[in-house]
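Worksheet for the structure shown next.
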Amino acid sequence: MEVHRSRLLPLLFAILSAAAAAPWYAAAADERAVREVSGAPEGVVWAVQLSDLHFSVHHPERAYDFRRYVGPALAMVNPALVLITGDLTDGKSKDLLTMKQNEVEWIEYRRTIKDVIESSKLPRSIFYDLRGNHDSFGVPSPGGVYDFYQKYSINAKLSRQGRVQSITLESSGRKHLFVGFDSTMEIGLRGPTNLFGHPTDKQLIELDQSLSQWDTDFNKAQVTKIAFGHFPMSFSALTESGKSMKDVFLKHSLAAYLCGHLHTRFGKNLKRYYHRATEESPLSEHYYQFNMHQGYEIHGDKESCSKEAVHADEEFWEWEMGDWRKSRSMRVLAIDDGYVSYTDIDFSLGSKSIIILPTFPLDSRFMQRASAAHDFKCQVMGASTFDTVRALVFSRHELVSVSVKIYDSRPGHLDVVFDSEMKRVNNSESRGDMYLIPWNWRAFADPSPNRYWLQIEVMDITGDTSVSQLRPFSVNGFASKVSWTWKEFIVMGIQWAVVYHPALWCVFALIFSLLLVPRASVLLFKDRFTYKYLCPNGNKWILLKHLVGGFFWLFVELSRVIIVWSLLLVYMIYLLVFPWLFGHPITEDSNLTSMTFRGWVLGQSDSGNEVFHAGTPDVLVIVLPHLCFVILPTILILAAMAAERTAYREHYLSRSGKKKDDYYQKSRRQKEHDNFWNSRWIRKFLFVLCMAVLWKHWKGS
């Protein structure tokens with residue numbers, strides 16, 4: 001016994017020491033906030049998400065419409081949570097050139113939220129408002145004099161400290177964990193170089209702890225995990241050690257990550273499905289993915305019904321929602337027996353008296369998960385989840401009828417194959433109306449995820465009718481592939497934090513190649529690349545052969561104009577070595593500092609050997625457009641002007657050397673050719689392009 005005691009004492013001492021030395025964020029993550037949701041339909045909870053409010057002193061209609069529409073809508077929906085995912089205020093001047101915090105906007109935000117809470121009669125404690133990048137413009141440090149979020153936000157008023165907030169909704173023995181994550185810059189730069197989320201290793205540890213807070217629960221109640229924040233994955237930087245939020249979310253197989261930031265102007269399909277298979281993913285997936293589902297195929301026939309198979313898939317959905325700023329969007333999200341669905345409400349055309357949210361079956365385009373194939377195969381024995389079509393219906397007036405229609409699209413058009421009246425779930429204490437209808441779900445099993453489409457139709461006592469958006473479904477658990485538009489791909493499909501430096505060095509390499517390789521050719525081959533040598537003689541093969549050479553000749557002629565070529569080369573070397581610009585990146589009264597392609601120089605490390613750069617990769621919004629849309633076009637236009645100058649000289653010399661009698665024997669085509677060169681239309685066109693590039697540079701500066 002004495003031997004065992006000698007071994008246990010050091011272990012006990014180590015545990016106590018570790019607990020005493022644990023960082024503050026570990027203690028914060030252990031605080032479990034649980035809210036019992038009473039009065040809801042059994043096993044169902046729902047929440048509301050709003051994002052990118054951008055309340056502005058220059059656009060008072062945004063706050064006015066928020067009071068007018070959101071308050072009554074929240075009273076009608078009666079959600080268990082209201083999540084506001086960033087950009088609470090705009091922080092921009094009227095001319096959009098100055099970006100900093102405006103206390104008047106924050107006062108308006110506080111008043112508006114207060115009015116909405118009073119009109120909706122919802123408790124303030126269910127509101128969670130996170131900071132966005134606009135809310136950190138020009139904030140040198142959290143809690144400082146410029147940090148109005150800490151003074152006027154709901155989270156601050158309710159003393160919710162830290163970057164991670166969690167709340168668990170408990171209903172019918174099932175837990176629904178919501179974790180909010182603030183990844184804004186700790187040193188809030190002013191725009192436009194404050195565009196990305198910047199999580200740290202310490203914050204990801206806290207996020208991981210919050211998401212795993214029920215994993216060791218001895219009751220083993222089912223937990224649905226949902227995270228919410230402002231920045232999408234494509235606009236989130238990596239941590240100091242190269243980690244990302246995606247790794248944490250995949251580890252916990254979130255149901256969904258709710259975010260904002262991008263706004264509806266980029267598209268309405270700003271959603272992305274993440275899945276980590278057992279085999280290693282291709283390298284390209286770290287940089288981009290072309291479609292919403294990254295090419296993942298679900299094979300239901302290979303699914304195993306073992307308990308271990310349920311947890312085999314690491315997956316989650318990322319759902320970016322529309323903005324309030326211009327689109328007046330609001331999202332209602334429901335969790336029905338673990339199945340997460342949502343509907344987006346558009347208030348740009350006025351208020352809504354009826355809101356319909358189908359909760360089962362799920363939309364096969366935007367809500368289907370790989371684990372759904374497992375559910376289909378392993379619940380064939382008969383599961384209550386599959387036995388009914390269900391929908392939440394919120395209405396200001398008494399409802400007269402709620403019906404569901406299912407269409408078959410196989411004939412090439414939509415044929416109604418199921419049309420039935422839905423029954424309301426009787427519950428005198430219900431917080432919302434759940435309607436359902438039994439159906440033979442096995443009859444709708446089909447390998448195509450787009451064959452069957454569902455729509456709910458509702459009519460209230462005033463005669464007002466509303467229908468839900470047509471959505472495809474697949475009881476088999478197959479996902480319908482959706483392609484992004486080019487704008488959606490740019491903002492959702494590309495991992496800009498990872499792509500920035502490879503793209504930057506590729507552009508630099510291209511520009512230096514266009515400058516140095518032609519000059520080296522002139523020195524080595526001299527008269528090889530000249531106008532006479534490359535001028536085609538009518539032979540089609542030679543014309544095709546010299547097409548690439550002709551393009552190269554443009555830059556050869558540019559390299560012959562030594563002054564212009566040297567200035568371009570010196571300018572490019574300057575951009576590599578020296579600052580791009582000087583300014584006040586945080587506040588107008590802060591120290592003047594410089595910006596390079598690595599970011600804003602804000603100081604040096606304690607050792608003094610390493611310079612601290614802030615705003616990486618945020619500076620790409622200045623760096624890449626300047627290189628791609630100013631410098632590259634400038635080099636191309638100058639090369640074309642140099643080549644036009646040489647070609648005109650050769651044309652003039654060829655005409656001046658002809659005999660006088662030759663001028664009376666010109667054909668009409670020759671005369672038009674001479675007039676074209678003499679008027680120098682190419683040169684005039686290039687001057688117009690020069691003005692366009694100058695305008696682009698002026699707009700971007």
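Lettering and numbering for the structure tokens are positional, with chains as A, B, ... in the shown order, residues counted from 1 in each chain, and ligands counted from 1 in the shown order.
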Those in range 177-367 of chain A with strand (DSSP E or B) from DSSP, as a PyMOL selection string: chain A and resi 177-181+188+197+223-229+236+256-259+271-276+288+291+314-320+329-336+339-346+354-360
Which residues, written as a CSV table (one decimal) with N, CA, C and O atoms, in the first residue's frame, have at least one atom at most 8 Å from Lys405 in chain A, with only C-alpha atoms counted and residues fewer than 6 positions away on the same chain left out?
chain,number,residue,atom,x,y,z
A,416,VAL,N,-48.5,15.4,-59.9
A,416,VAL,CA,-48.9,15.3,-58.5
A,416,VAL,C,-49.1,13.8,-58.3
A,416,VAL,O,-49.9,13.1,-58.9
A,417,VAL,N,-48.3,13.2,-57.4
A,417,VAL,CA,-48.5,11.8,-57.0
A,417,VAL,C,-48.9,11.6,-55.6
A,417,VAL,O,-49.2,10.5,-55.1
A,418,PHE,N,-48.9,12.7,-54.8
A,418,PHE,CA,-49.4,12.7,-53.4
A,418,PHE,C,-49.9,14.0,-53.1
A,418,PHE,O,-49.3,15.0,-53.2
A,419,ASP,N,-51.2,14.0,-52.6
A,419,ASP,CA,-51.9,15.3,-52.3
A,419,ASP,C,-52.8,15.0,-51.1
A,419,ASP,O,-53.8,14.2,-51.2
A,420,SER,N,-52.5,15.6,-49.9
A,420,SER,CA,-53.2,15.2,-48.7
A,420,SER,C,-53.2,16.4,-47.8
A,420,SER,O,-52.3,17.2,-47.7
A,454,LEU,N,-41.3,18.4,-53.1
A,454,LEU,CA,-42.3,18.6,-52.1
A,454,LEU,C,-42.7,20.0,-52.0
A,454,LEU,O,-41.8,20.9,-52.1
A,455,GLN,N,-44.0,20.3,-51.7
A,455,GLN,CA,-44.4,21.7,-51.5
A,455,GLN,C,-45.6,21.6,-50.5
A,455,GLN,O,-46.5,20.8,-50.5
A,456,ILE,N,-45.6,22.6,-49.6
A,456,ILE,CA,-46.6,22.8,-48.6
A,456,ILE,C,-47.4,24.0,-48.9
A,456,ILE,O,-46.9,25.0,-49.2
A,457,GLU,N,-48.8,23.9,-48.8
A,457,GLU,CA,-49.7,25.0,-49.1
A,457,GLU,C,-50.5,25.3,-47.9
A,457,GLU,O,-51.1,24.3,-47.3
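Of the residues under consideration (A:Trp553, A:Phe578, A:Trp46, A:Trp106), A:Trp46 shows the shortest atom-to-atom contact distance to Thr359 in chain A when counting only C-alpha atoms.
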Test item, alpha helix (DSSP H) assignment across range 319-411 of chain A, answer as number ranges by chain: A: 371-378
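Shell of range 55-62 of chain A at 9 Å, with only C-alpha atoms counted and residues fewer than 2 places along the chain excluded, is Asp52, Leu53, Tyr64, Asp65, Phe66, Arg67, Asp87, Leu88, Thr89, Asp90, Gly91, Lys92, Ser93, Lys94, Asn102, Val104, Glu105, Trp106, Glu108, Tyr109, Trp324, Arg325, Lys326 and Arg328 of chain A.
Closest approach to Val630 in chain A from the set A:Leu83, A:Gly71, A:Ile511, A:Asp337 is made by A:Ile511, with distances taken over only C-alpha atoms.
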Coordinates-based distance that separates CA of Tyr339 in chain A from CA of Asp363 in chain A (Å, one decimal):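 A separation of 10.8 Å between them.
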Minimum-distance residue to Leu636 in chain A, chosen among A:Val332, A:Cys690, A:Leu523, A:Leu569 (using only C-alpha atoms):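 Looking at the shortest contact to Leu636 in chain A, the residue is A:Cys690.
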Counting only C-alpha atoms, the option among A:Ser172, A:Phe386, A:Leu81, A:Gly138 closest to Asp589 in chain A: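 Once distances to Asp589 in chain A are computed over only C-alpha atoms, the minimum belongs to A:Gly138.
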Pick from A:Gly188, A:Pro518, A:Gly432, A:Gly242 nearest to Ser141 in chain A, counting only C-alpha atoms: A:Gly188
For Leu620 in chain A, the nearest of the candidates A:Ser513, A:Thr388, A:Asn194, A:Gln368, counting only C-alpha atoms: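 Smallest distance to Leu620 in chain A is found for A:Asn194.
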Spatial neighbours of Arg451 in chain A, 10 Å, only C-alpha atoms, chain gap at least 2 places, as a ChimeraX atom specification: /A:407-412,414,444-449,453,472-474,480
Export of the given selection (C-alpha atoms) as a compact mmCIF listing (two decimals), in the first residue's frame:
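This is the output file again.txt:
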# COMPACT_ATOMS: atom_id res chain seq x y z
CA TYR A 407 -44.57 15.86 -57.50
CA ASP A 408 -42.89 13.30 -59.72
CA SER A 409 -40.54 14.92 -62.25
CA ARG A 410 -39.64 11.75 -64.16
CA PRO A 411 -42.11 12.33 -67.05
CA GLY A 412 -40.30 15.58 -67.84
CA LEU A 414 -44.25 17.79 -62.51
CA PHE A 444 -40.63 7.25 -52.77
CA ALA A 445 -37.29 5.45 -52.56
CA ASP A 446 -35.46 6.20 -55.77
CA PRO A 447 -31.80 6.38 -56.87
CA SER A 448 -32.36 9.88 -58.25
CA PRO A 449 -32.23 12.65 -55.62
CA TRP A 453 -40.37 17.38 -55.14
CA PRO A 472 -36.40 17.98 -54.05
CA PHE A 473 -35.98 15.21 -51.50
CA SER A 474 -34.46 11.77 -51.32
CA SER A 480 -28.58 16.40 -55.32
Residues within 10 Å of Phe551 in chain A, only C-alpha atoms, excluding chain neighbours under 5 positions, as a list of chain:residue names: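 The residues that qualify are A:His546, A:Val556, A:Leu636, A:Ala639, A:Ala640, A:Ala643.
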